[in-house]
Structures are given as structure tokens and as C-alpha cells.
$ cat my_file05.txt   # compact mmCIF, C-alpha atoms and all ligand atoms
# COMPACT_ATOMS: atom_id res chain seq x y z
CA MET Z 1266 202.06 -48.22 142.07
CA SER Z 1267 202.38 -44.50 141.31
CA SER Z 1268 205.77 -42.99 140.47
CA SER Z 1269 205.71 -40.90 143.66
CA GLU Z 1270 205.22 -44.03 145.78
CA ASN Z 1271 208.15 -45.55 143.92
CA GLU Z 1272 210.27 -42.51 144.75
CA TYR Z 1273 209.53 -43.06 148.45
CA LEU Z 1274 210.51 -46.70 148.22
CA ASP Z 1275 213.73 -45.85 146.40
CA CYS Z 1276 214.67 -43.34 149.03
CA ASP Z 1277 217.34 -44.12 151.61
CA ASN Z 1278 216.01 -41.82 154.30
CA ILE Z 1279 212.91 -39.87 155.17
CA LEU Z 1280 213.35 -36.93 157.52
CA LYS Z 1281 210.57 -35.12 159.32
CA LEU Z 1282 210.83 -31.44 160.19
CA VAL Z 1283 208.19 -29.48 162.08
CA LEU Z 1284 207.80 -25.72 161.84
CA VAL Z 1285 206.63 -24.08 165.07
CA GLY Z 1286 206.15 -20.53 166.31
CA LYS Z 1287 203.55 -17.84 166.86
CA SER Z 1288 200.82 -17.39 164.31
CA GLY Z 1289 201.78 -14.89 161.60
CA VAL Z 1290 205.59 -15.21 161.79
CA GLY Z 1291 205.68 -16.67 158.26
CA LYS Z 1292 205.90 -20.46 158.71
CA THR Z 1293 203.57 -21.30 155.85
CA ASN Z 1294 205.32 -18.84 153.52
CA LEU Z 1295 208.75 -20.24 154.43
CA LEU Z 1296 207.50 -23.70 153.67
CA SER Z 1297 206.09 -22.79 150.29
CA ARG Z 1298 209.39 -21.06 149.43
CA PHE Z 1299 211.39 -24.16 150.26
CA CYS Z 1300 209.21 -26.94 148.89
CA LEU Z 1301 206.97 -26.07 146.08
CA GLU Z 1302 204.87 -29.21 146.10
CA PHE Z 1303 203.29 -31.44 148.73
CA LYS Z 1304 205.40 -30.05 151.61
CA VAL Z 1305 208.00 -32.60 150.61
CA LYS Z 1306 211.49 -32.01 149.25
CA LYS Z 1307 213.75 -34.58 147.71
CA LEU Z 1308 217.47 -34.00 148.13
CA LYS Z 1309 220.67 -35.84 147.49
CA ILE Z 1310 223.25 -35.80 150.30
CA ASP Z 1311 226.52 -37.47 149.33
CA ASP Z 1312 225.25 -40.60 147.61
CA PHE Z 1313 222.03 -40.85 149.62
CA ALA Z 1314 218.59 -39.86 148.44
CA VAL Z 1315 216.78 -38.03 151.22
CA ILE Z 1316 213.13 -37.10 151.36
CA VAL Z 1317 212.26 -34.30 153.74
CA GLN Z 1318 208.68 -33.96 154.92
CA ILE Z 1319 207.97 -30.59 156.47
CA TRP Z 1320 205.02 -30.31 158.81
CA ASP Z 1321 203.34 -26.97 159.15
CA THR Z 1322 200.65 -26.13 161.67
CA ALA Z 1323 197.15 -25.81 160.31
CA GLY Z 1324 196.58 -22.66 162.32
CA GLN Z 1325 196.21 -24.55 165.63
CA GLU Z 1326 199.00 -22.41 167.09
CA LYS Z 1327 196.48 -19.57 167.43
CA PHE Z 1328 194.68 -21.66 170.03
CA GLN Z 1329 197.83 -23.20 171.47
CA ALA Z 1330 196.38 -26.55 170.46
CA MET Z 1331 199.06 -28.40 168.49
CA PRO Z 1332 198.45 -32.12 168.93
CA PRO Z 1333 201.45 -33.84 170.56
CA THR Z 1334 201.38 -36.39 167.71
CA THR Z 1335 202.68 -33.63 165.42
CA TYR Z 1336 206.08 -34.05 167.06
CA ARG Z 1337 206.13 -37.84 166.89
CA GLY Z 1338 209.08 -39.21 164.93
CA SER Z 1339 210.43 -35.76 164.11
CA HIS Z 1340 214.10 -35.26 163.35
CA GLY Z 1341 214.17 -31.45 163.35
CA ILE Z 1342 212.20 -28.57 164.80
CA VAL Z 1343 212.35 -25.12 163.25
CA LEU Z 1344 211.66 -22.54 165.97
CA THR Z 1345 210.40 -19.52 164.06
CA TYR Z 1346 209.90 -15.91 165.09
CA ALA Z 1347 209.53 -12.68 163.12
CA ILE Z 1348 212.20 -10.00 163.56
CA ASN Z 1349 209.53 -7.29 163.63
CA GLU Z 1350 207.67 -8.84 166.58
CA GLN Z 1351 209.46 -9.15 169.91
CA ASP Z 1352 206.64 -11.25 171.38
CA SER Z 1353 207.15 -13.92 168.76
CA LEU Z 1354 210.68 -14.50 170.07
CA TYR Z 1355 209.52 -14.65 173.71
CA ASP Z 1356 206.77 -17.06 172.66
CA LEU Z 1357 209.35 -19.58 171.44
CA GLU Z 1358 210.28 -20.63 174.97
CA ARG Z 1359 206.87 -22.29 175.25
CA TRP Z 1360 207.23 -23.97 171.85
CA TYR Z 1361 210.70 -25.17 172.74
CA LYS Z 1362 209.54 -26.72 176.02
CA THR Z 1363 206.56 -28.43 174.37
CA ALA Z 1364 208.76 -29.81 171.61
CA LEU Z 1365 211.26 -31.13 174.17
CA GLN Z 1366 208.40 -32.89 175.90
CA TYR Z 1367 207.06 -34.70 172.84
CA CYS Z 1368 209.98 -35.02 170.38
CA PRO Z 1369 212.43 -37.90 170.23
CA PRO Z 1370 215.39 -37.06 172.51
CA ASP Z 1371 217.93 -36.57 169.73
CA VAL Z 1372 215.80 -34.09 167.75
CA LYS Z 1373 217.73 -31.12 166.31
CA PHE Z 1374 216.49 -27.57 166.77
CA PHE Z 1375 217.14 -24.63 164.49
CA LEU Z 1376 216.20 -20.99 165.14
CA ILE Z 1377 214.87 -18.82 162.31
CA GLY Z 1378 214.27 -15.09 162.59
CA ASN Z 1379 211.95 -14.55 159.62
CA LYS Z 1380 210.89 -11.34 157.81
CA SER Z 1381 214.49 -10.10 157.55
CA ASP Z 1382 213.28 -7.81 154.76
CA LEU Z 1383 211.43 -5.72 157.37
CA LYS Z 1384 214.62 -4.18 158.78
CA SER Z 1385 213.04 -0.77 159.34
CA LYS Z 1386 210.40 -2.38 161.59
CA ARG Z 1387 212.88 -4.55 163.45
CA GLU Z 1388 212.06 -5.22 167.13
CA VAL Z 1389 214.55 -8.08 167.62
CA THR Z 1390 218.22 -7.38 166.91
CA PHE Z 1391 220.34 -9.99 165.14
CA GLU Z 1392 222.37 -10.35 168.36
CA GLU Z 1393 219.24 -11.09 170.43
CA GLY Z 1394 218.32 -13.91 168.05
CA GLU Z 1395 221.88 -15.17 168.04
CA ASN Z 1396 222.11 -15.07 171.84
CA TYR Z 1397 218.85 -16.98 172.24
CA ALA Z 1398 220.16 -19.63 169.83
CA LYS Z 1399 223.45 -19.77 171.75
CA SER Z 1400 221.57 -20.22 175.03
CA LEU Z 1401 219.89 -23.31 173.53
CA ASP Z 1402 223.08 -24.37 171.75
CA ILE Z 1403 221.39 -24.44 168.36
CA SER Z 1404 222.02 -22.83 164.95
CA PHE Z 1405 220.45 -19.56 163.92
CA MET Z 1406 219.70 -17.72 160.72
CA GLU Z 1407 217.62 -14.73 159.69
CA THR Z 1408 215.45 -15.38 156.63
CA SER Z 1409 212.89 -13.71 154.46
CA ALA Z 1410 210.12 -15.78 152.93
CA LYS Z 1411 209.29 -12.64 150.94
CA SER Z 1412 212.67 -12.15 149.24
CA SER Z 1413 213.77 -15.79 149.72
CA GLU Z 1414 216.92 -14.62 151.53
CA ASN Z 1415 218.55 -17.58 153.36
CA VAL Z 1416 215.44 -19.79 153.15
CA GLU Z 1417 217.09 -22.53 151.10
CA LYS Z 1418 220.27 -22.24 153.17
CA ALA Z 1419 218.51 -22.45 156.55
CA PHE Z 1420 216.60 -25.60 155.61
CA THR Z 1421 219.50 -27.31 153.86
CA ASP Z 1422 221.86 -26.53 156.77
CA LEU Z 1423 219.40 -28.10 159.20
CA ILE Z 1424 218.87 -31.12 156.95
CA HIS Z 1425 222.63 -31.66 156.60
CA LEU Z 1426 223.03 -31.31 160.36
CA ILE Z 1427 220.37 -33.93 160.99
CA PHE Z 1428 221.67 -36.20 158.30
CA ASN Z 1429 225.26 -36.07 159.48
CA GLU Z 1430 224.49 -36.56 163.16
CA GLN Z 1431 221.39 -38.71 163.33
CA ILE Z 1432 221.06 -40.74 160.19
CA ILE Z 1433 224.70 -41.77 160.22
CA LYS Z 1434 224.35 -42.64 163.93
CA GLN Z 1435 221.22 -44.69 163.18
CA ARG Z 1436 223.07 -46.48 160.38
CA GLN Z 1437 225.91 -47.29 162.77
CA ILE Z 1438 223.40 -48.64 165.32
CA THR Z 1439 221.75 -50.76 162.63
CA ASN Z 1440 225.14 -52.01 161.45
CA ASN Z 1441 226.08 -52.83 165.05
CA GLN Z 1442 222.77 -54.65 165.53
CA VAL Z 1443 223.33 -56.61 162.34
CA GLN Z 1444 226.86 -57.40 163.53
CA LYS Z 1445 225.49 -58.51 166.92
CA VAL Z 1446 222.90 -60.73 165.27
CA LEU Z 1447 225.62 -62.17 163.03
CA ASP Z 1448 227.92 -62.71 166.03
CA THR Z 1449 225.09 -64.30 168.03
CA SER Z 1450 224.07 -66.57 165.18
CA THR Z 1451 227.70 -67.55 164.60
CA SER Z 1452 228.10 -68.45 168.27
CA VAL Z 1453 224.81 -70.39 168.23
CA ILE Z 1454 225.99 -72.31 165.16
CA ILE Z 1455 229.34 -73.00 166.79
CA GLN Z 1456 227.58 -74.06 170.01
CA ASN Z 1457 225.20 -76.32 168.06
CA GLU Z 1458 228.14 -77.89 166.25
CA LYS Z 1459 229.89 -78.46 169.60
CA ASP Z 1460 226.72 -80.02 171.08
CA LYS Z 1461 226.44 -82.31 168.07
CA GLU Z 1462 230.09 -83.33 168.42
CA ASN Z 1463 229.60 -84.02 172.15
CA ARG Z 1464 226.48 -86.08 171.49
CA ASN Z 1465 228.26 -88.10 168.82
CA HIS Z 1466 231.15 -88.59 171.17
CA LYS Z 1467 228.91 -89.72 174.01
CA SER Z 1468 226.85 -92.09 171.89
CA GLY Z 1469 229.97 -93.72 170.53
CA CYS Z 1470 231.62 -94.22 173.92
CA CYS Z 1471 229.63 -97.15 175.35
N1 LIG Z 1501 207.52 -8.88 154.83
C1 LIG Z 1501 207.39 -10.19 155.00
N2 LIG Z 1501 206.18 -10.74 155.20
C2 LIG Z 1501 206.09 -12.08 155.38
C3 LIG Z 1501 207.23 -12.92 155.36
N3 LIG Z 1501 206.82 -14.18 155.60
C4 LIG Z 1501 205.49 -14.15 155.73
N4 LIG Z 1501 205.03 -12.88 155.60
C5 LIG Z 1501 203.66 -12.41 155.72
O1 LIG Z 1501 203.23 -12.65 157.06
C6 LIG Z 1501 201.87 -13.07 157.10
C7 LIG Z 1501 201.75 -14.42 157.82
O2 LIG Z 1501 202.46 -15.40 157.07
P1 LIG Z 1501 202.17 -16.96 157.25
O3 LIG Z 1501 203.15 -17.69 156.44
O4 LIG Z 1501 200.73 -17.23 157.01
O5 LIG Z 1501 202.46 -17.11 158.81
P2 LIG Z 1501 202.18 -18.39 159.77
O6 LIG Z 1501 200.94 -18.06 160.54
O7 LIG Z 1501 203.37 -18.45 160.67
O8 LIG Z 1501 202.04 -19.58 158.90
C8 LIG Z 1501 201.40 -13.11 155.64
O9 LIG Z 1501 200.73 -11.91 155.38
C9 LIG Z 1501 202.70 -13.20 154.85
O10 LIG Z 1501 202.57 -12.63 153.57
C10 LIG Z 1501 208.50 -12.33 155.14
O11 LIG Z 1501 209.57 -12.94 155.13
N5 LIG Z 1501 208.53 -10.94 154.97
MG MG Z 1502 200.49 -20.94 158.75
$ encode --input "my_file05.txt" --output "C-alpha cells"
Amino acid sequence: MSSSENEYLDCDNILKLVLVGKSGVGKTNLLSRFCLEFKVKKLKIDDFAVIVQIWDTAGQEKFQAMPPTTYRGSHGIVLTYAINEQDSLYDLERWYKTALQYCPPDVKFFLIGNKSDLKSKREVTFEEGENYAKSLDISFMETSAKSSENVEKAFTDLIHLIFNEQIIKQRQITNNQVQKVLDTSTSVIIQNEKDKENRNHKSGCC
């Protein structure tokens, strides 16, 4: 087994993020800023090892042809626009609706206004981005894949958000399920013991 396969097996959690938005807003550049290799980043949160897989489109967004399977099993969706292109913000409504349709219900969204280095060509104010995020009740950050401004922070904030809300919830569910199974098996054992006692009692009574 290769060492990278081992790393996966050693890992407590694997998170899947998907980057969406209009072609040209900088998704691929953001991704290569954040994870240098294999579109995968390994992090440590508290005492847990977390592997984050980030899915980028392979250009299908130009033809509005992202396969629904892209969203399957995702934990986070990064809605991305470019601050120098108003249309790219308007376009996100469509991406948001599609993601809602195909993502698991507890998926977390995050809004990124990329190309923050292009302030002189700005078409979307910070407040417009912020208000759109507020309207969806999600977090927002402006980033620049060119200068790296906020890229690390935006991704790690989203990952922490997902980890704290979803993974911990999933762990609680699993613990509850384990507890239920334990409770059920205990009651079955107790019941079986009672049945045995009753049978012994009955057989000895004649
Ligand atoms: N000025 C500036 N250009 C960027 C930034 N991010 C990406 N670009 C440029 O925008 C173009 C499209 O970027 P790309 O990552 O391919 O966009 P995608 O289609 O969303 O994946 C490329 O020419 C990038 O060099 C950024 O933060 N600032
Ligand atoms: Mg791309």
C-alpha cells in the first residue's frame, strides 16, 4: 500500500468541497493557491486529522453542464464570483439553486468575491457581496488568488465551520446509534435471560 493510501486510512475525516461559479472568476487559481498538490489538503483540527478534497470544474461551467454527481456527498460549496464582473455575482443564483437541488441538505455554503487585487476595476462593492451572503445566511470573504490575500483564511474558515457543525453532529449521531445498538442488545440479552429463566421454571414445575 502506498504512503498516500495509508494517510487516507489514518485520517479521521474526509471533507468534500466543490468550487462553483462563472467561468473565469478564478476557481482553478484559488484551488492551486490553497492546495498545491492533488487538489487535496491535509489539516489538523483539534486532535483530528482532516483531509479536504476540493473539486473544481473541468470547464463544464462554460456550457452549464456540471454533472449532478459533482455535488454528491459534498460538505461545502464555495460560490465564487469576481469583483470586477457584476454578471459573475448575478450568475451565482443559478449555481446556488442547482447546488441546493443536488447537495446533501446540511451542506455549508461560503461566498467568495475573488480578484480583490483588481480594486480599480471593481464592479461589485464589498457591501453588495456582503449583502448577498447575508441574504443566503452564509459567510463571505473577498480573496485574491493572485496576491493570495485571504485565500488560506477563506478555505480554513469554511473547513472549520463544516467540521464544527457537521462532523461533530455526525459523530454524535454515530455515538447515539452505537448507544442504541448497545441498549438494544442489552435488552435482548436481558430478555433472553428472562425467557431462559421462565423456561427453566416451567420445565421444573410439573
Ligand atoms: N487579477 C487577478 N486575476 C486572477 C485571479 N484569479 C484568477 N485570475 C485570472 O483569471 C483568469 C481565469 O482564472 P481561472 O482560475 O482559470 O478561472 P476559472 O475559470 O474560474 O477556473 C486567469 O487568467 C487567471 O490568471 C485573481 O485573484 N486576480
Ligand atoms: Mg477553471
$ residues_around --input "my_file05.txt" --residues "Lys1309 of chain Z" --least-positions-apart "6" --cutoff "12 Å" --atoms "all atoms listed in the file" --output "list of chain:residue names"
Z:Cys1276, Z:Asp1277, Z:Asn1278, Z:Ile1279, Z:Val1315, Z:Ile1316, Z:Val1317, Z:Thr1421, Z:Ile1424, Z:His1425, Z:Phe1428
$ residues_near_ligand --input "my_file05.txt" --ligand "ligand LIG 1501 (chain Z)" --cutoff "12 Å" --atoms "all atoms listed in the file" --output "CSV table (one decimal) with C-alpha atoms, in the coordinates of the input"
chain,number,residue,atom,x,y,z
Z,1284,LEU,CA,207.8,-25.7,161.8
Z,1285,VAL,CA,206.6,-24.1,165.1
Z,1286,GLY,CA,206.2,-20.5,166.3
Z,1287,LYS,CA,203.6,-17.8,166.9
Z,1288,SER,CA,200.8,-17.4,164.3
Z,1289,GLY,CA,201.8,-14.9,161.6
Z,1290,VAL,CA,205.6,-15.2,161.8
Z,1291,GLY,CA,205.7,-16.7,158.3
Z,1292,LYS,CA,205.9,-20.5,158.7
Z,1293,THR,CA,203.6,-21.3,155.8
Z,1294,ASN,CA,205.3,-18.8,153.5
Z,1295,LEU,CA,208.8,-20.2,154.4
Z,1296,LEU,CA,207.5,-23.7,153.7
Z,1297,SER,CA,206.1,-22.8,150.3
Z,1298,ARG,CA,209.4,-21.1,149.4
Z,1320,TRP,CA,205.0,-30.3,158.8
Z,1321,ASP,CA,203.3,-27.0,159.2
Z,1322,THR,CA,200.6,-26.1,161.7
Z,1323,ALA,CA,197.2,-25.8,160.3
Z,1324,GLY,CA,196.6,-22.7,162.3
Z,1325,GLN,CA,196.2,-24.6,165.6
Z,1326,GLU,CA,199.0,-22.4,167.1
Z,1327,LYS,CA,196.5,-19.6,167.4
Z,1328,PHE,CA,194.7,-21.7,170.0
Z,1343,VAL,CA,212.4,-25.1,163.2
Z,1344,LEU,CA,211.7,-22.5,166.0
Z,1345,THR,CA,210.4,-19.5,164.1
Z,1346,TYR,CA,209.9,-15.9,165.1
Z,1347,ALA,CA,209.5,-12.7,163.1
Z,1348,ILE,CA,212.2,-10.0,163.6
Z,1349,ASN,CA,209.5,-7.3,163.6
Z,1350,GLU,CA,207.7,-8.8,166.6
Z,1353,SER,CA,207.2,-13.9,168.8
Z,1377,ILE,CA,214.9,-18.8,162.3
Z,1378,GLY,CA,214.3,-15.1,162.6
Z,1379,ASN,CA,212.0,-14.6,159.6
Z,1380,LYS,CA,210.9,-11.3,157.8
Z,1381,SER,CA,214.5,-10.1,157.6
Z,1382,ASP,CA,213.3,-7.8,154.8
Z,1383,LEU,CA,211.4,-5.7,157.4
Z,1384,LYS,CA,214.6,-4.2,158.8
Z,1385,SER,CA,213.0,-0.8,159.3
Z,1386,LYS,CA,210.4,-2.4,161.6
Z,1387,ARG,CA,212.9,-4.6,163.4
Z,1407,GLU,CA,217.6,-14.7,159.7
Z,1408,THR,CA,215.4,-15.4,156.6
Z,1409,SER,CA,212.9,-13.7,154.5
Z,1410,ALA,CA,210.1,-15.8,152.9
Z,1411,LYS,CA,209.3,-12.6,150.9
Z,1412,SER,CA,212.7,-12.2,149.2
Z,1413,SER,CA,213.8,-15.8,149.7
Z,1414,GLU,CA,216.9,-14.6,151.5
Z,1415,ASN,CA,218.6,-17.6,153.4
Z,1416,VAL,CA,215.4,-19.8,153.2
$ closest_residue --input "my_file05.txt" --among "Z:Asn1396, Z:Ser1404, Z:Thr1390, Z:Thr1363" --to "Gln1351 of chain Z" --atoms "all atoms listed in the file"
Z:Thr1390
$ atom_distance --input "my_file05.txt" --atom1 "atom CA of Gly1341 of chain Z" --atom2 "atom CA of Val1283 of chain Z"
6.4 Å
$ atom_distance --input "my_file05.txt" --atom1 "atom CA of Tyr1397 of chain Z" --atom2 "atom CA of Gln1318 of chain Z"
26.3 Å
$ residues_around --input "my_file05.txt" --residues "Gly1394 of chain Z" --least-positions-apart "4" --cutoff "8 Å" --atoms "all atoms listed in the file" --output "ChimeraX atom specification"
/Z:1354,1376,1378,1389-1390,1398,1405
$ atom_distance --input "my_file05.txt" --atom1 "atom CA of Val1305 of chain Z" --atom2 "atom CA of His1340 of chain Z"
14.4 Å
$ closest_residue --input "my_file05.txt" --among "Z:Lys1418, Z:Lys1373, Z:Arg1359, Z:Lys1281" --to "Ile1319 of chain Z" --atoms "only C-alpha atoms"
Z:Lys1281
$ decode --input "my_file05.txt" --residues "segment 1300-1318 of chain Z" --atoms "N, CA and C atoms" --output "tab-separated table (two decimals), in the first residue's frame"
chain	number	residue	atom	x	y	z
Z	1300	CYS	N	-4.33	24.39	-2.27
Z	1300	CYS	CA	-3.68	23.07	-2.16
Z	1300	CYS	C	-2.74	22.90	-3.33
Z	1301	LEU	N	-1.52	22.72	-2.97
Z	1301	LEU	CA	-0.52	22.69	-4.02
Z	1301	LEU	C	-0.54	21.38	-4.80
Z	1302	GLU	N	-0.89	20.28	-4.12
Z	1302	GLU	CA	-0.85	19.01	-4.84
Z	1302	GLU	C	-2.21	18.31	-4.81
Z	1303	PHE	N	-2.52	17.66	-5.87
Z	1303	PHE	CA	-3.63	16.69	-5.98
Z	1303	PHE	C	-4.99	17.24	-5.55
Z	1304	LYS	N	-5.16	18.54	-5.45
Z	1304	LYS	CA	-6.44	19.12	-5.05
Z	1304	LYS	C	-6.90	18.57	-3.70
Z	1305	VAL	N	-5.93	18.21	-2.89
Z	1305	VAL	CA	-6.24	17.64	-1.58
Z	1305	VAL	C	-5.39	18.34	-0.54
Z	1306	LYS	N	-5.99	18.66	0.60
Z	1306	LYS	CA	-5.22	19.32	1.65
Z	1306	LYS	C	-5.42	18.55	2.95
Z	1307	LYS	N	-4.32	18.32	3.64
Z	1307	LYS	CA	-4.45	17.62	4.92
Z	1307	LYS	C	-4.28	18.64	6.04
Z	1308	LEU	N	-5.24	18.64	6.96
Z	1308	LEU	CA	-5.20	19.61	8.06
Z	1308	LEU	C	-5.37	18.89	9.38
Z	1309	LYS	N	-5.02	19.60	10.44
Z	1309	LYS	CA	-5.29	19.05	11.76
Z	1309	LYS	C	-6.25	20.03	12.45
Z	1310	ILE	N	-7.41	19.55	12.87
Z	1310	ILE	CA	-8.34	20.40	13.62
Z	1310	ILE	C	-8.51	19.76	14.98
Z	1311	ASP	N	-8.19	20.53	16.02
Z	1311	ASP	CA	-8.09	19.98	17.38
Z	1311	ASP	C	-7.17	18.75	17.29
Z	1312	ASP	N	-7.68	17.59	17.70
Z	1312	ASP	CA	-6.81	16.42	17.62
Z	1312	ASP	C	-7.14	15.54	16.42
Z	1313	PHE	N	-7.98	16.05	15.52
Z	1313	PHE	CA	-8.43	15.22	14.40
Z	1313	PHE	C	-7.65	15.54	13.13
Z	1314	ALA	N	-7.30	14.49	12.42
Z	1314	ALA	CA	-6.69	14.69	11.10
Z	1314	ALA	C	-7.84	14.81	10.10
Z	1315	VAL	N	-7.78	15.81	9.26
Z	1315	VAL	CA	-8.87	16.03	8.29
Z	1315	VAL	C	-8.27	16.13	6.90
Z	1316	ILE	N	-8.83	15.38	5.98
Z	1316	ILE	CA	-8.39	15.53	4.59
Z	1316	ILE	C	-9.50	16.24	3.83
Z	1317	VAL	N	-9.11	17.31	3.13
Z	1317	VAL	CA	-10.11	18.06	2.38
Z	1317	VAL	C	-9.85	17.85	0.89
Z	1318	GLN	N	-10.86	17.33	0.22
Z	1318	GLN	CA	-10.77	17.17	-1.24
Z	1318	GLN	C	-11.50	18.36	-1.83
